[in-house]
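K.L.:
query.cif is reproduced in full below (mmCIF, C-alpha atoms).
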```cif
data_run
#
loop_
_atom_site.label_atom_id
_atom_site.label_comp_id
_atom_site.auth_asym_id
_atom_site.auth_seq_id
_atom_site.Cartn_x
_atom_site.Cartn_y
_atom_site.Cartn_z
CA MET A 1 -13.93 -44.07 -66.63
CA ALA A 2 -15.56 -41.90 -63.97
CA LYS A 3 -14.64 -38.22 -64.20
CA ALA A 4 -13.24 -38.14 -60.65
CA LEU A 5 -11.06 -41.18 -61.39
CA GLU A 6 -9.86 -39.59 -64.61
CA TYR A 7 -9.01 -36.39 -62.72
CA LEU A 8 -7.10 -38.37 -60.06
CA THR A 9 -5.14 -40.21 -62.76
CA GLU A 10 -4.21 -36.93 -64.47
CA ALA A 11 -3.17 -35.43 -61.11
CA LEU A 12 -0.91 -38.42 -60.37
CA ARG A 13 0.72 -38.05 -63.79
CA ARG A 14 2.17 -34.73 -62.61
CA LEU A 15 4.60 -36.65 -60.38
CA PRO A 16 8.08 -37.12 -61.89
CA GLY A 17 8.58 -40.44 -63.63
CA VAL A 18 4.89 -41.35 -63.54
CA GLY A 19 3.38 -42.15 -66.92
CA PRO A 20 -0.27 -42.74 -67.82
CA LYS A 21 -0.32 -46.47 -66.96
CA SER A 22 1.49 -46.01 -63.62
CA ALA A 23 -0.84 -43.15 -62.70
CA GLN A 24 -3.86 -45.28 -63.51
CA ARG A 25 -2.51 -48.21 -61.44
CA MET A 26 -1.90 -45.87 -58.49
CA ALA A 27 -5.39 -44.41 -58.75
CA PHE A 28 -6.98 -47.86 -58.91
CA HIS A 29 -4.87 -49.08 -55.98
CA LEU A 30 -5.75 -46.13 -53.77
CA LEU A 31 -9.47 -46.39 -54.46
CA GLN A 32 -9.67 -50.19 -54.39
CA HIS A 33 -7.24 -51.12 -51.60
CA ASP A 34 -6.31 -48.05 -49.57
CA ARG A 35 -9.05 -45.45 -49.33
CA GLU A 36 -7.76 -44.42 -45.90
CA GLY A 37 -4.30 -43.88 -47.41
CA ALA A 38 -5.85 -41.89 -50.25
CA ALA A 39 -7.66 -39.65 -47.77
CA MET A 40 -4.45 -39.21 -45.72
CA LEU A 41 -2.52 -38.32 -48.89
CA SER A 42 -5.19 -35.80 -49.85
CA ARG A 43 -5.12 -34.12 -46.43
CA ALA A 44 -1.30 -34.07 -46.33
CA LEU A 45 -1.05 -32.52 -49.79
CA TYR A 46 -3.65 -29.89 -48.94
CA GLN A 47 -1.95 -29.04 -45.64
CA ALA A 48 1.49 -28.80 -47.29
CA VAL A 49 0.22 -26.57 -50.09
CA GLU A 50 -1.49 -24.30 -47.57
CA SER A 51 1.28 -24.06 -44.98
CA VAL A 52 4.66 -24.56 -46.67
CA ASN A 53 6.33 -21.44 -48.09
CA HIS A 54 9.84 -20.31 -48.98
CA CYS A 55 12.29 -19.13 -46.33
CA ALA A 56 12.78 -15.37 -46.58
CA LEU A 57 16.56 -15.82 -46.39
CA CYS A 58 17.55 -19.07 -48.12
CA ASN A 59 14.48 -19.85 -50.25
CA THR A 60 14.08 -23.44 -49.00
CA PHE A 61 10.74 -24.85 -47.84
CA THR A 62 9.52 -23.88 -44.38
CA GLU A 63 6.33 -23.22 -42.47
CA ALA A 64 7.83 -20.15 -40.76
CA ASP A 65 9.11 -16.92 -42.31
CA VAL A 66 12.70 -18.08 -41.67
CA CYS A 67 13.67 -21.76 -41.68
CA ASP A 68 15.27 -23.51 -38.70
CA MET A 69 18.70 -23.60 -40.36
CA CYS A 70 18.80 -19.87 -41.05
CA ALA A 71 17.59 -19.20 -37.50
CA ASP A 72 20.28 -21.45 -35.98
CA GLU A 73 22.92 -19.14 -34.46
CA ALA A 74 25.44 -22.00 -34.34
CA ARG A 75 25.70 -22.12 -38.17
CA ASP A 76 28.71 -20.42 -39.79
CA ARG A 77 27.21 -17.32 -41.41
CA ARG A 78 30.39 -16.66 -43.41
CA LEU A 79 29.70 -19.70 -45.61
CA LEU A 80 26.83 -19.83 -48.10
CA CYS A 81 26.26 -23.01 -50.10
CA VAL A 82 24.15 -22.68 -53.26
CA VAL A 83 22.14 -25.77 -54.25
CA GLU A 84 19.46 -26.44 -56.85
CA THR A 85 16.81 -28.10 -54.68
CA PRO A 86 15.85 -28.78 -51.06
CA ALA A 87 16.74 -32.44 -51.76
CA ASP A 88 20.31 -31.38 -52.61
CA GLN A 89 20.42 -29.35 -49.39
CA ALA A 90 19.29 -32.41 -47.41
CA MET A 91 21.98 -34.58 -49.00
CA ILE A 92 24.73 -32.12 -48.07
CA GLU A 93 23.37 -31.93 -44.52
CA GLN A 94 23.48 -35.72 -44.25
CA THR A 95 27.25 -35.65 -44.77
CA LEU A 96 27.64 -33.74 -41.47
CA THR A 97 30.63 -31.91 -43.01
CA TYR A 98 29.11 -28.51 -43.78
CA LYS A 99 28.08 -26.12 -41.02
CA GLY A 100 27.33 -22.96 -43.01
CA LEU A 101 24.10 -21.60 -44.45
CA TYR A 102 22.37 -22.33 -47.76
CA PHE A 103 20.62 -20.73 -50.65
CA VAL A 104 18.22 -22.97 -52.60
CA LEU A 105 17.70 -21.92 -56.22
CA MET A 106 14.62 -24.12 -56.74
CA GLY A 107 15.93 -24.99 -60.19
CA ARG A 108 18.75 -24.24 -62.60
CA LEU A 109 19.27 -22.14 -65.69
CA SER A 110 17.87 -23.82 -68.79
CA PRO A 111 17.30 -21.42 -71.69
CA LEU A 112 15.86 -24.21 -73.86
CA ASP A 113 13.13 -24.70 -71.25
CA GLY A 114 12.64 -20.95 -70.80
CA ILE A 115 14.22 -20.88 -67.32
CA GLY A 116 16.28 -17.74 -66.83
CA PRO A 117 17.96 -15.92 -63.92
CA LYS A 118 14.69 -14.51 -62.52
CA ASP A 119 13.16 -17.99 -62.41
CA ILE A 120 15.85 -19.27 -60.02
CA HIS A 121 15.84 -16.26 -57.67
CA LEU A 122 19.31 -14.92 -58.53
CA GLU A 123 18.47 -11.39 -57.33
CA LYS A 124 17.59 -12.81 -53.91
CA LEU A 125 20.82 -14.87 -53.93
CA LEU A 126 22.87 -11.81 -54.78
CA ALA A 127 21.32 -9.82 -51.93
CA ARG A 128 22.02 -12.69 -49.53
CA ALA A 129 25.61 -13.23 -50.69
CA ALA A 130 26.45 -9.52 -50.58
CA ASP A 131 25.11 -8.92 -47.07
CA GLY A 132 28.57 -8.11 -45.71
CA VAL A 133 28.70 -11.28 -43.57
CA VAL A 134 29.14 -13.98 -46.22
CA GLY A 135 32.83 -14.54 -46.95
CA GLU A 136 32.63 -17.52 -49.31
CA VAL A 137 29.94 -18.85 -51.62
CA VAL A 138 30.18 -22.59 -52.33
CA LEU A 139 28.51 -23.56 -55.60
CA ALA A 140 27.02 -27.04 -55.23
CA THR A 141 24.85 -27.24 -58.33
CA ASN A 142 24.67 -30.57 -60.13
CA PHE A 143 27.30 -31.58 -62.66
CA THR A 144 24.87 -31.58 -65.58
CA ASN A 145 25.18 -29.15 -68.49
CA GLU A 146 22.51 -26.93 -66.93
CA GLY A 147 24.08 -27.19 -63.46
CA GLU A 148 27.51 -26.28 -64.82
CA ALA A 149 26.07 -23.33 -66.76
CA THR A 150 24.23 -22.17 -63.65
CA ALA A 151 27.40 -22.42 -61.53
CA HIS A 152 29.39 -20.50 -64.13
CA TYR A 153 26.77 -17.75 -64.39
CA ILE A 154 26.51 -17.37 -60.60
CA SER A 155 30.29 -17.48 -60.21
CA GLU A 156 30.81 -14.65 -62.70
CA MET A 157 28.00 -12.62 -61.13
CA LEU A 158 29.42 -12.97 -57.60
CA LYS A 159 33.09 -12.52 -58.53
CA ALA A 160 32.17 -9.26 -60.29
CA ARG A 161 31.02 -8.04 -56.88
CA GLY A 162 34.25 -9.09 -55.18
CA LEU A 163 32.92 -12.20 -53.46
CA GLN A 164 35.00 -15.37 -52.99
CA VAL A 165 33.45 -18.29 -54.88
CA SER A 166 34.34 -21.98 -54.78
CA ARG A 167 32.86 -25.00 -56.57
CA LEU A 168 32.05 -28.41 -55.14
CA ALA A 169 34.82 -30.82 -56.17
CA ARG A 170 34.24 -33.68 -58.58
CA GLY A 171 35.98 -36.99 -58.87
CA VAL A 172 36.02 -40.71 -58.37
CA PRO A 173 33.32 -41.85 -55.93
CA VAL A 174 34.31 -43.32 -52.58
CA GLY A 175 34.64 -47.07 -53.01
CA GLY A 176 34.75 -46.71 -56.80
CA GLU A 177 37.12 -48.83 -58.85
CA LEU A 178 38.82 -46.97 -61.67
CA GLU A 179 38.06 -49.61 -64.31
CA TYR A 180 34.32 -49.07 -63.72
CA VAL A 181 34.36 -45.26 -63.58
CA ASP A 182 33.64 -43.35 -66.79
CA ALA A 183 36.52 -41.57 -68.53
CA GLY A 184 35.02 -38.11 -68.00
CA THR A 185 34.91 -38.57 -64.23
CA ILE A 186 38.49 -39.85 -64.15
CA ALA A 187 39.64 -36.93 -66.31
CA ARG A 188 37.92 -34.44 -63.99
CA ALA A 189 39.41 -36.12 -60.93
CA MET A 190 42.86 -35.89 -62.50
CA LEU A 191 42.41 -32.19 -63.28
CA ASP A 192 41.03 -31.45 -59.79
CA ARG A 193 43.69 -33.45 -57.95
CA ARG A 194 45.18 -32.01 -54.76
CA SER A 195 48.41 -32.57 -52.88
CA THR A 196 48.39 -34.90 -49.86
#
```
Write out the structure in this file as structure tokens.
P.N.:
Amino acid sequence: MAKALEYLTEALRRLPGVGPKSAQRMAFHLLQHDREGAAMLSRALYQAVESVNHCALCNTFTEADVCDMCADEARDRRLLCVVETPADQAMIEQTLTYKGLYFVLMGRLSPLDGIGPKDIHLEKLLARAADGVVGEVVLATNFTNEGEATAHYISEMLKARGLQVSRLARGVPVGGELEYVDAGTIARAMLDRRST
């Protein structure tokens, strides 16, 4: 295989969920059937790497020093929602139910993988949460073992500084039928029940 093709295949393998065979198929497809698409992908990746940085306030991706959401005066500055990734932030925004600000960790605590508090920008989060304006921090990390550990660690850290902390609720999904929902989810929904 040509060196450049080998290099392209290895680069494509860096994408999540892409193994060696898939990467090779993608490389062959781009070079054989869509050279214009390959060139567009190359330019877009280069431009993104050169121009996209982290927001100085919330740590999400932006091309400016401060992202549009943090700059939006209409957002409720008393609420700060902590998420793991920009994708999680986008999902919460799609619900149209949250009007506060965000802090994006860009990961989660995972000691087995060598990811500690400094790797997920907890010092920056603490400075943001303790700015005297934030009244409540909503922890919206994922409900995985690492996400739960991250939420617990952040909760303890913020409560020790007198900040109000809440956690995203868990439970039965909308439209879900109980007989098809796993027992752990039903148990959590029962424990987190609220009065109507």
K.L.:
Any idea what's packed within 8 Å of stretch 72-79 of chain A, counting all atoms listed in the file, ignoring anything in its chain fewer than 6 positions away? Could you give it as JSON, numbers by chain?
P.N.:
{"A": [99, 100, 101, 133, 134, 135, 136, 137, 138]}
K.L.:
Within 12 Å of stretch 167-189 of chain A, which residues of stretch 35-113 of chain A come that close, and what is the closest atom pair and distance in Å for each? Count all atoms listed in the file and give it as CSV.
P.N.:
```
residue,atom,partner,partner_atom,distance
A:Leu80,CA,A:Arg167,CA,11.6
A:Cys81,CA,A:Leu168,CA,9.4
A:Val82,CA,A:Arg167,CA,9.6
A:Val83,CA,A:Leu168,CA,10.3
A:Ile92,CA,A:Leu168,CA,10.8
A:Tyr98,CA,A:Leu168,CA,11.7
```
K.L.:
Between atom CA of A:Leu158 and atom CA of A:Ile120, what is the spacing in Å?
P.N.:
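Computed distance, atom CA of A:Ile120 to atom CA of A:Leu158, equals 15.2 Å.
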K.L.:
Do you know which residues are at most 12 Å from A:Asp113 counting only C-alpha atoms, after dropping those on the same chain fewer than 6 positions away, and could you put them as a VMD selection string?
P.N.:
chain A and resid 107 119 146
K.L.:
Go ahead and dump the residues you just picked, C-alpha atoms, as a short mmCIF file (atom, residue, chain, number, x, y, z; two decimals), in the frame of the given file.
P.N.:
```cif
data_model
loop_
_atom_site.label_atom_id
_atom_site.label_comp_id
_atom_site.auth_asym_id
_atom_site.auth_seq_id
_atom_site.Cartn_x
_atom_site.Cartn_y
_atom_site.Cartn_z
CA GLY A 107 15.93 -24.99 -60.19
CA ASP A 119 13.16 -17.99 -62.41
CA GLU A 146 22.51 -26.93 -66.93
#
```
K.L.:
Hey, what's within 12 Å of A:Ala127 if we count only C-alpha atoms and toss same-chain stuff fewer than 2 positions away? As a ChimeraX atom specification, please?
P.N.:
/A:56-58,103,121-125,129-134,157-158,161,163
K.L.:
Report as a PyMOL selection string the residues that result from applying the PyMOL selection byres ((chain A and resi 38-54) around 12) to the structure here.
P.N.:
chain A and resi 8+11-12+26-37+55-67+70+85-86+103-106+121+124
K.L.:
Between A:Leu139, A:Leu5, A:Leu126, A:Leu112, which residue has the minimum interatomic distance to A:Gln89, considering only C-alpha atoms?
P.N.:
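Ranking A:Leu139, A:Leu5, A:Leu126, A:Leu112 by distance to A:Gln89, first place goes to A:Leu139.
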K.L.:
Can you work out which one of A:Thr150, A:Ser22, A:Thr95, A:Thr141 has the shortest atom-to-atom distance to A:Ile115, counting all atoms listed in the file?
P.N.:
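With all atoms listed in the file as the atom set, the closest residue is A:Thr150.
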K.L.:
Suppose you want the space between atom CA of A:Pro117 and atom CA of A:Tyr153; what is it in Å?
P.N.:
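The value is 9.0 Å.
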K.L.:
Could you please determine the separation between atom CA of A:Val18 and atom CA of A:Ala151 in Å, to one decimal place?
P.N.:
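Taking atom CA of A:Val18 and atom CA of A:Ala151, their separation equals 29.5 Å.
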K.L.:
Would you list the residues near (25.1, -27.0, -71.4), meaning any protein, DNA or RNA residue with an atom at most 10 Å from that point in file coordinates, counting only C-alpha atoms, as a list of chain:residue names?
P.N.:
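The distance filter leaves exactly A:Leu109, A:Ser110, A:Pro111, A:Leu112, A:Thr144, A:Asn145, A:Glu146, A:Gly147, A:Glu148, A:Ala149, A:Thr150.
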K.L.:
Save out the residues we just selected, C-alpha atoms, as a short mmCIF file (atom, residue, chain, number, x, y, z; two decimals), in the frame of the given file.
P.N.:
```cif
data_model
loop_
_atom_site.label_atom_id
_atom_site.label_comp_id
_atom_site.auth_asym_id
_atom_site.auth_seq_id
_atom_site.Cartn_x
_atom_site.Cartn_y
_atom_site.Cartn_z
CA LEU A 109 19.27 -22.14 -65.69
CA SER A 110 17.87 -23.82 -68.79
CA PRO A 111 17.30 -21.42 -71.69
CA LEU A 112 15.86 -24.21 -73.86
CA THR A 144 24.87 -31.58 -65.58
CA ASN A 145 25.18 -29.15 -68.49
CA GLU A 146 22.51 -26.93 -66.93
CA GLY A 147 24.08 -27.19 -63.46
CA GLU A 148 27.51 -26.28 -64.82
CA ALA A 149 26.07 -23.33 -66.76
CA THR A 150 24.23 -22.17 -63.65
#
```
K.L.:
Would you list the contacts of A:Ala23 as a list of chain:residue names, taking every protein, DNA or RNA residue within 8 Å and counting only C-alpha atoms, but skipping same-chain residues closer than 6 positions in sequence?
P.N.:
A:Thr9, A:Glu10, A:Leu12, A:Arg13
K.L.:
Stretch 91-104 of chain A from the block above, all heavy atoms, as a PDB file, in the first residue's frame, please?
P.N.:
```pdb
ATOM      1  N   MET A  91     -27.374  18.571  23.305  1.00  0.00           N
ATOM      2  CA  MET A  91     -28.593  17.804  23.577  1.00  0.00           C
ATOM      3  C   MET A  91     -29.477  18.527  24.588  1.00  0.00           C
ATOM      4  O   MET A  91     -30.697  18.576  24.421  1.00  0.00           O
ATOM      5  CB  MET A  91     -28.249  16.406  24.087  1.00  0.00           C
ATOM      6  CG  MET A  91     -27.736  15.476  23.008  1.00  0.00           C
ATOM      7  SD  MET A  91     -28.857  15.297  21.602  1.00  0.00           S
ATOM      8  CE  MET A  91     -30.286  14.566  22.388  1.00  0.00           C
ATOM      9  N   ILE A  92     -28.874  19.086  25.628  1.00  0.00           N
ATOM     10  CA  ILE A  92     -29.674  19.820  26.619  1.00  0.00           C
ATOM     11  C   ILE A  92     -30.298  21.053  25.969  1.00  0.00           C
ATOM     12  O   ILE A  92     -31.458  21.371  26.207  1.00  0.00           O
ATOM     13  CB  ILE A  92     -28.828  20.175  27.860  1.00  0.00           C
ATOM     14  CG1 ILE A  92     -28.488  18.891  28.622  1.00  0.00           C
ATOM     15  CG2 ILE A  92     -29.574  21.166  28.760  1.00  0.00           C
ATOM     16  CD1 ILE A  92     -27.554  19.085  29.784  1.00  0.00           C
ATOM     17  N   GLU A  93     -29.552  21.736  25.128  1.00  0.00           N
ATOM     18  CA  GLU A  93     -30.088  22.908  24.436  1.00  0.00           C
ATOM     19  C   GLU A  93     -31.269  22.543  23.550  1.00  0.00           C
ATOM     20  O   GLU A  93     -32.226  23.302  23.446  1.00  0.00           O
ATOM     21  CB  GLU A  93     -29.006  23.582  23.592  1.00  0.00           C
ATOM     22  CG  GLU A  93     -28.119  24.513  24.376  1.00  0.00           C
ATOM     23  CD  GLU A  93     -28.885  25.661  24.997  1.00  0.00           C
ATOM     24  OE1 GLU A  93     -29.413  26.521  24.265  1.00  0.00           O
ATOM     25  OE2 GLU A  93     -28.964  25.706  26.230  1.00  0.00           O
ATOM     26  N   GLN A  94     -31.229  21.364  22.940  1.00  0.00           N
ATOM     27  CA  GLN A  94     -32.318  20.943  22.056  1.00  0.00           C
ATOM     28  C   GLN A  94     -33.629  20.745  22.803  1.00  0.00           C
ATOM     29  O   GLN A  94     -34.699  20.815  22.201  1.00  0.00           O
ATOM     30  CB  GLN A  94     -31.945  19.653  21.328  1.00  0.00           C
ATOM     31  CG  GLN A  94     -30.947  19.860  20.220  1.00  0.00           C
ATOM     32  CD  GLN A  94     -30.554  18.555  19.539  1.00  0.00           C
ATOM     33  OE1 GLN A  94     -31.281  17.572  19.596  1.00  0.00           O
ATOM     34  NE2 GLN A  94     -29.397  18.564  18.900  1.00  0.00           N
ATOM     35  N   THR A  95     -33.566  20.534  24.106  1.00  0.00           N
ATOM     36  CA  THR A  95     -34.803  20.345  24.880  1.00  0.00           C
ATOM     37  C   THR A  95     -35.568  21.657  25.053  1.00  0.00           C
ATOM     38  O   THR A  95     -36.752  21.635  25.367  1.00  0.00           O
ATOM     39  CB  THR A  95     -34.510  19.775  26.281  1.00  0.00           C
ATOM     40  OG1 THR A  95     -33.842  20.764  27.082  1.00  0.00           O
ATOM     41  CG2 THR A  95     -33.702  18.498  26.216  1.00  0.00           C
ATOM     42  N   LEU A  96     -34.890  22.780  24.888  1.00  0.00           N
ATOM     43  CA  LEU A  96     -35.476  24.119  25.053  1.00  0.00           C
ATOM     44  C   LEU A  96     -36.035  24.348  26.457  1.00  0.00           C
ATOM     45  O   LEU A  96     -36.913  25.179  26.664  1.00  0.00           O
ATOM     46  CB  LEU A  96     -36.576  24.370  24.007  1.00  0.00           C
ATOM     47  CG  LEU A  96     -36.161  24.242  22.553  1.00  0.00           C
ATOM     48  CD1 LEU A  96     -37.379  24.399  21.636  1.00  0.00           C
ATOM     49  CD2 LEU A  96     -35.078  25.243  22.189  1.00  0.00           C
ATOM     50  N   THR A  97     -35.519  23.610  27.449  1.00  0.00           N
ATOM     51  CA  THR A  97     -36.015  23.741  28.824  1.00  0.00           C
ATOM     52  C   THR A  97     -35.024  24.427  29.755  1.00  0.00           C
ATOM     53  O   THR A  97     -35.388  24.823  30.851  1.00  0.00           O
ATOM     54  CB  THR A  97     -36.337  22.358  29.427  1.00  0.00           C
ATOM     55  OG1 THR A  97     -35.146  21.555  29.409  1.00  0.00           O
ATOM     56  CG2 THR A  97     -37.438  21.667  28.651  1.00  0.00           C
ATOM     57  N   TYR A  98     -33.792  24.576  29.327  1.00  0.00           N
ATOM     58  CA  TYR A  98     -32.750  25.144  30.187  1.00  0.00           C
ATOM     59  C   TYR A  98     -32.278  26.458  29.589  1.00  0.00           C
ATOM     60  O   TYR A  98     -31.897  26.511  28.420  1.00  0.00           O
ATOM     61  CB  TYR A  98     -31.590  24.153  30.327  1.00  0.00           C
ATOM     62  CG  TYR A  98     -30.455  24.678  31.167  1.00  0.00           C
ATOM     63  CD1 TYR A  98     -30.566  24.745  32.548  1.00  0.00           C
ATOM     64  CD2 TYR A  98     -29.279  25.120  30.574  1.00  0.00           C
ATOM     65  CE1 TYR A  98     -29.526  25.240  33.327  1.00  0.00           C
ATOM     66  CE2 TYR A  98     -28.240  25.615  31.344  1.00  0.00           C
ATOM     67  CZ  TYR A  98     -28.361  25.671  32.718  1.00  0.00           C
ATOM     68  OH  TYR A  98     -27.336  26.165  33.478  1.00  0.00           O
ATOM     69  N   LYS A  99     -32.277  27.503  30.389  1.00  0.00           N
ATOM     70  CA  LYS A  99     -31.900  28.834  29.899  1.00  0.00           C
ATOM     71  C   LYS A  99     -30.691  29.415  30.627  1.00  0.00           C
ATOM     72  O   LYS A  99     -30.405  30.599  30.513  1.00  0.00           O
ATOM     73  CB  LYS A  99     -33.078  29.804  30.037  1.00  0.00           C
ATOM     74  CG  LYS A  99     -34.307  29.377  29.252  1.00  0.00           C
ATOM     75  CD  LYS A  99     -34.024  29.292  27.783  1.00  0.00           C
ATOM     76  CE  LYS A  99     -35.256  28.845  27.013  1.00  0.00           C
ATOM     77  NZ  LYS A  99     -34.964  28.348  25.704  1.00  0.00           N
ATOM     78  N   GLY A 100     -29.984  28.587  31.394  1.00  0.00           N
ATOM     79  CA  GLY A 100     -28.810  29.055  32.113  1.00  0.00           C
ATOM     80  C   GLY A 100     -27.550  28.935  31.270  1.00  0.00           C
ATOM     81  O   GLY A 100     -27.598  28.789  30.052  1.00  0.00           O
ATOM     82  N   LEU A 101     -26.418  28.974  31.951  1.00  0.00           N
ATOM     83  CA  LEU A 101     -25.115  28.847  31.302  1.00  0.00           C
ATOM     84  C   LEU A 101     -24.561  27.439  31.526  1.00  0.00           C
ATOM     85  O   LEU A 101     -25.138  26.648  32.260  1.00  0.00           O
ATOM     86  CB  LEU A 101     -24.163  29.909  31.846  1.00  0.00           C
ATOM     87  CG  LEU A 101     -24.576  31.344  31.539  1.00  0.00           C
ATOM     88  CD1 LEU A 101     -23.662  32.324  32.262  1.00  0.00           C
ATOM     89  CD2 LEU A 101     -24.559  31.610  30.040  1.00  0.00           C
ATOM     90  N   TYR A 102     -23.438  27.155  30.900  1.00  0.00           N
ATOM     91  CA  TYR A 102     -22.838  25.819  30.951  1.00  0.00           C
ATOM     92  C   TYR A 102     -21.377  25.878  31.374  1.00  0.00           C
ATOM     93  O   TYR A 102     -20.725  26.920  31.268  1.00  0.00           O
ATOM     94  CB  TYR A 102     -22.873  25.157  29.571  1.00  0.00           C
ATOM     95  CG  TYR A 102     -24.243  24.807  29.093  1.00  0.00           C
ATOM     96  CD1 TYR A 102     -24.994  25.719  28.354  1.00  0.00           C
ATOM     97  CD2 TYR A 102     -24.806  23.569  29.374  1.00  0.00           C
ATOM     98  CE1 TYR A 102     -26.259  25.398  27.902  1.00  0.00           C
ATOM     99  CE2 TYR A 102     -26.071  23.237  28.933  1.00  0.00           C
ATOM    100  CZ  TYR A 102     -26.795  24.157  28.195  1.00  0.00           C
ATOM    101  OH  TYR A 102     -28.046  23.832  27.758  1.00  0.00           O
ATOM    102  N   PHE A 103     -20.899  24.711  31.795  1.00  0.00           N
ATOM    103  CA  PHE A 103     -19.464  24.475  31.869  1.00  0.00           C
ATOM    104  C   PHE A 103     -19.237  23.087  31.291  1.00  0.00           C
ATOM    105  O   PHE A 103     -19.853  22.120  31.732  1.00  0.00           O
ATOM    106  CB  PHE A 103     -18.907  24.540  33.293  1.00  0.00           C
ATOM    107  CG  PHE A 103     -17.408  24.478  33.297  1.00  0.00           C
ATOM    108  CD1 PHE A 103     -16.656  25.629  33.153  1.00  0.00           C
ATOM    109  CD2 PHE A 103     -16.749  23.263  33.375  1.00  0.00           C
ATOM    110  CE1 PHE A 103     -15.273  25.575  33.091  1.00  0.00           C
ATOM    111  CE2 PHE A 103     -15.370  23.198  33.310  1.00  0.00           C
ATOM    112  CZ  PHE A 103     -14.628  24.363  33.183  1.00  0.00           C
ATOM    113  N   VAL A 104     -18.359  22.992  30.288  1.00  0.00           N
ATOM    114  CA  VAL A 104     -18.088  21.730  29.600  1.00  0.00           C
ATOM    115  C   VAL A 104     -16.748  21.185  30.081  1.00  0.00           C
ATOM    116  O   VAL A 104     -15.702  21.813  29.902  1.00  0.00           O
ATOM    117  CB  VAL A 104     -18.082  21.926  28.068  1.00  0.00           C
ATOM    118  CG1 VAL A 104     -17.855  20.601  27.368  1.00  0.00           C
ATOM    119  CG2 VAL A 104     -19.390  22.562  27.609  1.00  0.00           C
TER     120      VAL A 104
END
```
